[in-house]
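S.K.: My structure file upload09.txt, compact mmCIF, C-alpha atoms, is below:
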```txt
# COMPACT_ATOMS: atom_id res chain seq x y z
CA MET A 77 141.86 29.49 86.02
CA ALA A 78 140.52 29.83 82.49
CA GLY A 79 142.83 30.92 79.70
CA LYS A 80 142.26 33.86 77.41
CA VAL A 81 139.88 33.02 74.58
CA THR A 82 140.35 34.65 71.18
CA ILE A 83 137.39 34.57 68.83
CA ASP A 84 138.07 35.13 65.16
CA LEU A 85 135.19 37.15 63.73
CA SER A 86 136.80 37.69 60.34
CA ASP A 87 135.03 34.88 58.50
CA ASP A 88 131.53 35.13 57.09
CA ASN A 89 130.11 32.59 59.53
CA ASP A 90 128.86 34.33 62.66
CA LEU A 91 129.58 32.27 65.77
CA LEU A 92 126.45 31.56 67.84
CA VAL A 93 126.84 31.74 71.63
CA SER A 94 124.63 31.58 74.71
CA ALA A 95 123.42 34.68 76.53
CA SER A 96 125.92 34.15 79.36
CA ILE A 97 128.88 33.94 76.96
CA LEU A 98 127.69 36.99 75.02
CA ALA A 99 127.34 38.85 78.32
CA LYS A 100 130.96 38.06 79.15
CA ILE A 101 132.15 39.15 75.70
CA LEU A 102 130.25 42.45 75.87
CA LYS A 103 130.96 42.91 79.61
CA ILE A 104 127.29 43.28 80.46
CA SER A 105 124.85 41.30 82.57
CA ARG A 106 122.88 38.33 81.25
CA GLN A 107 119.71 40.29 82.04
CA ARG A 108 120.91 43.11 79.80
CA VAL A 109 121.42 40.59 76.97
CA SER A 110 117.79 39.49 77.37
CA SER A 111 116.61 43.08 77.48
CA TRP A 112 118.54 43.96 74.32
CA ALA A 113 117.10 40.89 72.59
CA LYS A 114 113.62 42.24 73.40
CA ASP A 115 114.76 45.59 71.93
CA GLY A 116 115.69 43.88 68.65
CA MET A 117 119.22 42.54 69.08
CA PRO A 118 119.56 39.54 66.74
CA PHE A 119 119.23 36.02 68.08
CA THR A 120 117.99 32.62 67.00
CA THR A 121 116.59 29.76 69.01
CA GLU A 122 117.76 26.21 69.29
CA GLY A 123 114.92 24.44 71.03
CA LYS A 124 113.92 26.85 73.79
CA ARG A 125 117.41 28.27 74.22
CA PRO A 126 118.28 31.57 72.48
CA LEU A 127 121.64 31.76 70.71
CA TYR A 128 123.29 35.02 69.76
CA PRO A 129 125.45 35.69 66.69
CA ILE A 130 128.45 37.53 68.17
CA ARG A 131 129.30 39.68 65.16
CA ALA A 132 125.70 40.73 64.52
CA CYS A 133 125.17 41.51 68.22
CA ILE A 134 128.32 43.64 68.41
CA GLU A 135 127.28 45.51 65.26
CA TRP A 136 123.77 45.99 66.67
CA ALA A 137 125.10 47.28 70.01
CA ILE A 138 127.60 49.67 68.38
CA ALA A 139 125.01 51.02 65.93
CA ARG A 140 122.64 51.85 68.79
CA GLY A 141 125.26 53.23 71.15
CA LYS A 142 124.64 50.41 73.62
CA ILE A 143 128.32 49.63 74.07
CA ASP A 144 130.27 52.14 76.12
CA ILE A 145 133.15 52.58 73.72
CA ASP A 146 135.48 53.80 76.45
CA PHE A 147 135.75 50.46 78.18
CA GLU A 148 134.32 47.66 76.06
CA THR A 149 136.45 48.25 72.99
CA GLU A 150 139.59 49.07 74.94
CA ASP A 151 140.15 45.36 75.55
CA LEU A 152 138.89 44.32 72.13
CA ASP A 153 141.53 43.05 69.73
CA ARG A 154 140.54 45.06 66.67
CA THR A 155 142.64 42.89 64.39
CA GLN A 156 140.14 40.10 65.09
CA LEU A 157 137.28 42.21 63.72
CA PRO A 158 136.39 42.40 60.03
CA PRO A 159 137.18 45.73 58.34
CA ASP A 160 133.56 46.88 58.10
CA LEU A 161 133.05 46.29 61.82
CA ARG A 162 136.29 48.14 62.61
CA ASP A 163 134.97 51.07 60.54
CA LYS A 164 131.68 51.07 62.46
CA LEU A 165 133.56 50.96 65.73
CA ALA A 166 135.80 53.87 64.73
CA SER A 167 132.74 55.83 63.63
CA ALA A 168 131.02 55.20 66.97
CA GLU A 169 134.13 56.32 68.85
CA LEU A 170 134.32 59.49 66.77
CA LYS A 171 130.66 60.25 67.52
CA GLU A 172 131.32 59.74 71.24
CA GLU A 173 134.29 62.13 71.14
CA LYS A 174 132.22 64.73 69.28
CA LEU A 175 129.48 64.45 71.93
CA LYS A 176 132.03 64.90 74.71
CA LEU A 177 133.39 67.94 72.91
CA LEU A 178 129.90 69.43 72.46
CA ARG A 179 129.09 68.82 76.14
CA GLY A 180 132.34 70.53 77.10
CA GLU A 181 133.67 67.38 78.77
CA THR A 182 136.82 67.35 76.69
CA GLY A 183 138.60 69.47 74.17
CA PRO A 184 140.41 72.76 74.23
CA ILE A 185 137.91 74.71 76.35
CA ALA A 186 137.61 72.12 79.11
CA GLU A 187 141.37 71.59 79.18
CA MET A 188 142.04 75.32 79.27
CA GLU A 189 139.56 75.74 82.14
CA LYS A 190 141.41 73.07 84.13
CA ILE A 191 144.76 74.66 83.37
CA ALA A 192 143.51 78.16 84.25
CA TYR A 193 142.11 76.91 87.55
CA ASN A 194 145.39 75.17 88.42
CA ILE A 195 147.42 78.25 87.50
CA GLY A 196 145.16 80.52 89.54
CA ASP A 197 145.40 78.18 92.51
CA PHE A 198 149.19 78.02 92.19
CA VAL A 199 149.52 81.84 91.99
CA LYS A 200 147.25 82.33 95.01
CA ASN A 201 149.10 79.77 97.13
CA SER A 202 152.49 81.14 96.10
CA MET A 203 151.56 84.70 96.97
CA LEU A 204 149.95 83.70 100.27
CA SER A 205 153.13 81.89 101.27
CA ILE A 206 155.16 85.14 101.28
CA PRO A 207 154.03 86.52 104.66
CA SER A 208 154.82 83.33 106.58
CA ARG A 209 158.26 83.09 104.94
CA VAL A 210 159.34 86.69 105.64
CA ALA A 211 157.39 87.72 108.75
CA ALA A 212 160.08 86.76 111.25
CA ILE A 213 162.81 88.49 109.22
CA LEU A 214 160.76 91.66 108.73
CA ALA A 215 159.79 91.81 112.40
CA LYS A 216 163.44 92.37 113.29
CA GLU A 217 163.85 95.24 110.82
CA ASN A 218 163.21 98.91 111.52
CA ASP A 219 164.62 100.26 108.27
CA GLN A 220 161.78 100.84 105.81
CA HIS A 221 164.11 100.62 102.80
CA LYS A 222 165.50 97.25 103.99
CA ILE A 223 161.95 95.91 104.62
CA GLU A 224 160.94 97.00 101.13
CA THR A 225 164.04 95.35 99.62
CA LEU A 226 163.41 92.08 101.48
CA LEU A 227 159.76 92.03 100.41
CA ARG A 228 160.70 92.81 96.81
CA GLN A 229 163.30 89.99 96.81
CA GLU A 230 160.76 87.51 98.17
CA ILE A 231 158.12 88.56 95.64
CA VAL A 232 160.64 88.30 92.79
CA SER A 233 161.63 84.84 94.04
CA VAL A 234 158.00 83.70 94.13
CA MET A 235 157.35 85.19 90.68
CA GLN A 236 160.43 83.38 89.29
CA ASP A 237 159.12 80.09 90.77
CA MET A 238 155.75 80.75 89.13
CA SER A 239 157.44 81.55 85.81
CA ASP A 240 159.39 78.29 85.98
CA GLN A 241 156.16 76.41 86.74
CA MET A 242 154.40 78.13 83.82
CA SER A 243 157.23 77.07 81.50
CA GLN A 244 156.74 73.46 82.60
CA ILE A 245 152.97 73.72 82.05
CA LYS A 246 153.53 75.26 78.61
CA ALA A 247 155.85 72.37 77.69
CA GLN A 248 153.25 69.86 78.90
CA ILE A 249 150.52 71.54 76.83
CA LYS A 250 152.76 71.54 73.76
CA GLU A 251 153.57 67.86 74.28
CA ALA A 252 149.88 67.00 74.74
CA ALA A 253 148.98 68.92 71.56
CA GLN A 254 151.65 67.02 69.61
CA GLU A 255 150.35 63.69 70.94
CA ALA A 256 146.78 64.64 70.05
CA SER A 257 147.76 65.52 66.49
CA LYS A 258 149.33 62.09 65.86
```
Could you rewrite the structure in this file as structure tokens?
M.R.:
Amino acid sequence: MAGKVTIDLSDDNDLLVSASILAKILKISRQRVSSWAKDGMPFTTEGKRPLYPIRACIEWAIARGKIDIDFETEDLDRTQLPPDLRDKLASAELKEEKLKLLRGETGPIAEMEKIAYNIGDFVKNSMLSIPSRVAAILAKENDQHKIETLLRQEIVSVMQDMSDQMSQIKAQIKEAAQEASK
């Protein structure tokens, strides 16, 4: 089993690697490396074999949105990257988040829609559970006032459960908002 390899990209010399090694670093296929080279990704040749400067290739891929920031950079040790490359990476991530926000895939509106759906579903299920919980008890009763009291008690109980659940959801939203603002 191979050990973890750390590549220091902080010096001015850009390490040249083969297409297969670059593919492993970028978590893409070797064919994609060749395709990107045809699209203008930097490389040099040593004999007939192309060699790829890691730093320049990462910069090229980030600048063109070729790297899916969500998974490639997650595993990347940013401390190994030079400051200018870290800035480019952060800028690309910010652009990706803005696009997600504009598409409605994330952000306050999408989150509120999910929360509203979950609340609506919870209210519906809670209210629909009342008849099955009280039917047998009510079937034995002939006194209209007692039936009304039992129904009212059950509805109040369900509403209290929903209120407790809403308080928990509110606390979760507040906690998520605090985390997001850090």
S.K.: When you draw a straight line from atom CA of Leu226 of chain A to atom CA of Leu204 of chain A, how long is it in Å?
M.R.: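 Taking atom CA of Leu226 of chain A as the start and atom CA of Leu204 of chain A as the end point, the length is 15.9 Å.
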S.K.: Go ahead and compute the interatomic distance for atom CA of Ala212 of chain A and atom CA of Phe198 of chain A, in Å to one decimal.
M.R.: 23.6 Å
S.K.: Separation of atom CA of Arg108 of chain A and atom CA of Lys124 of chain A, in Å?
M.R.: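 Straight-line distance from atom CA of Arg108 of chain A to atom CA of Lys124 of chain A works out to 18.7 Å.
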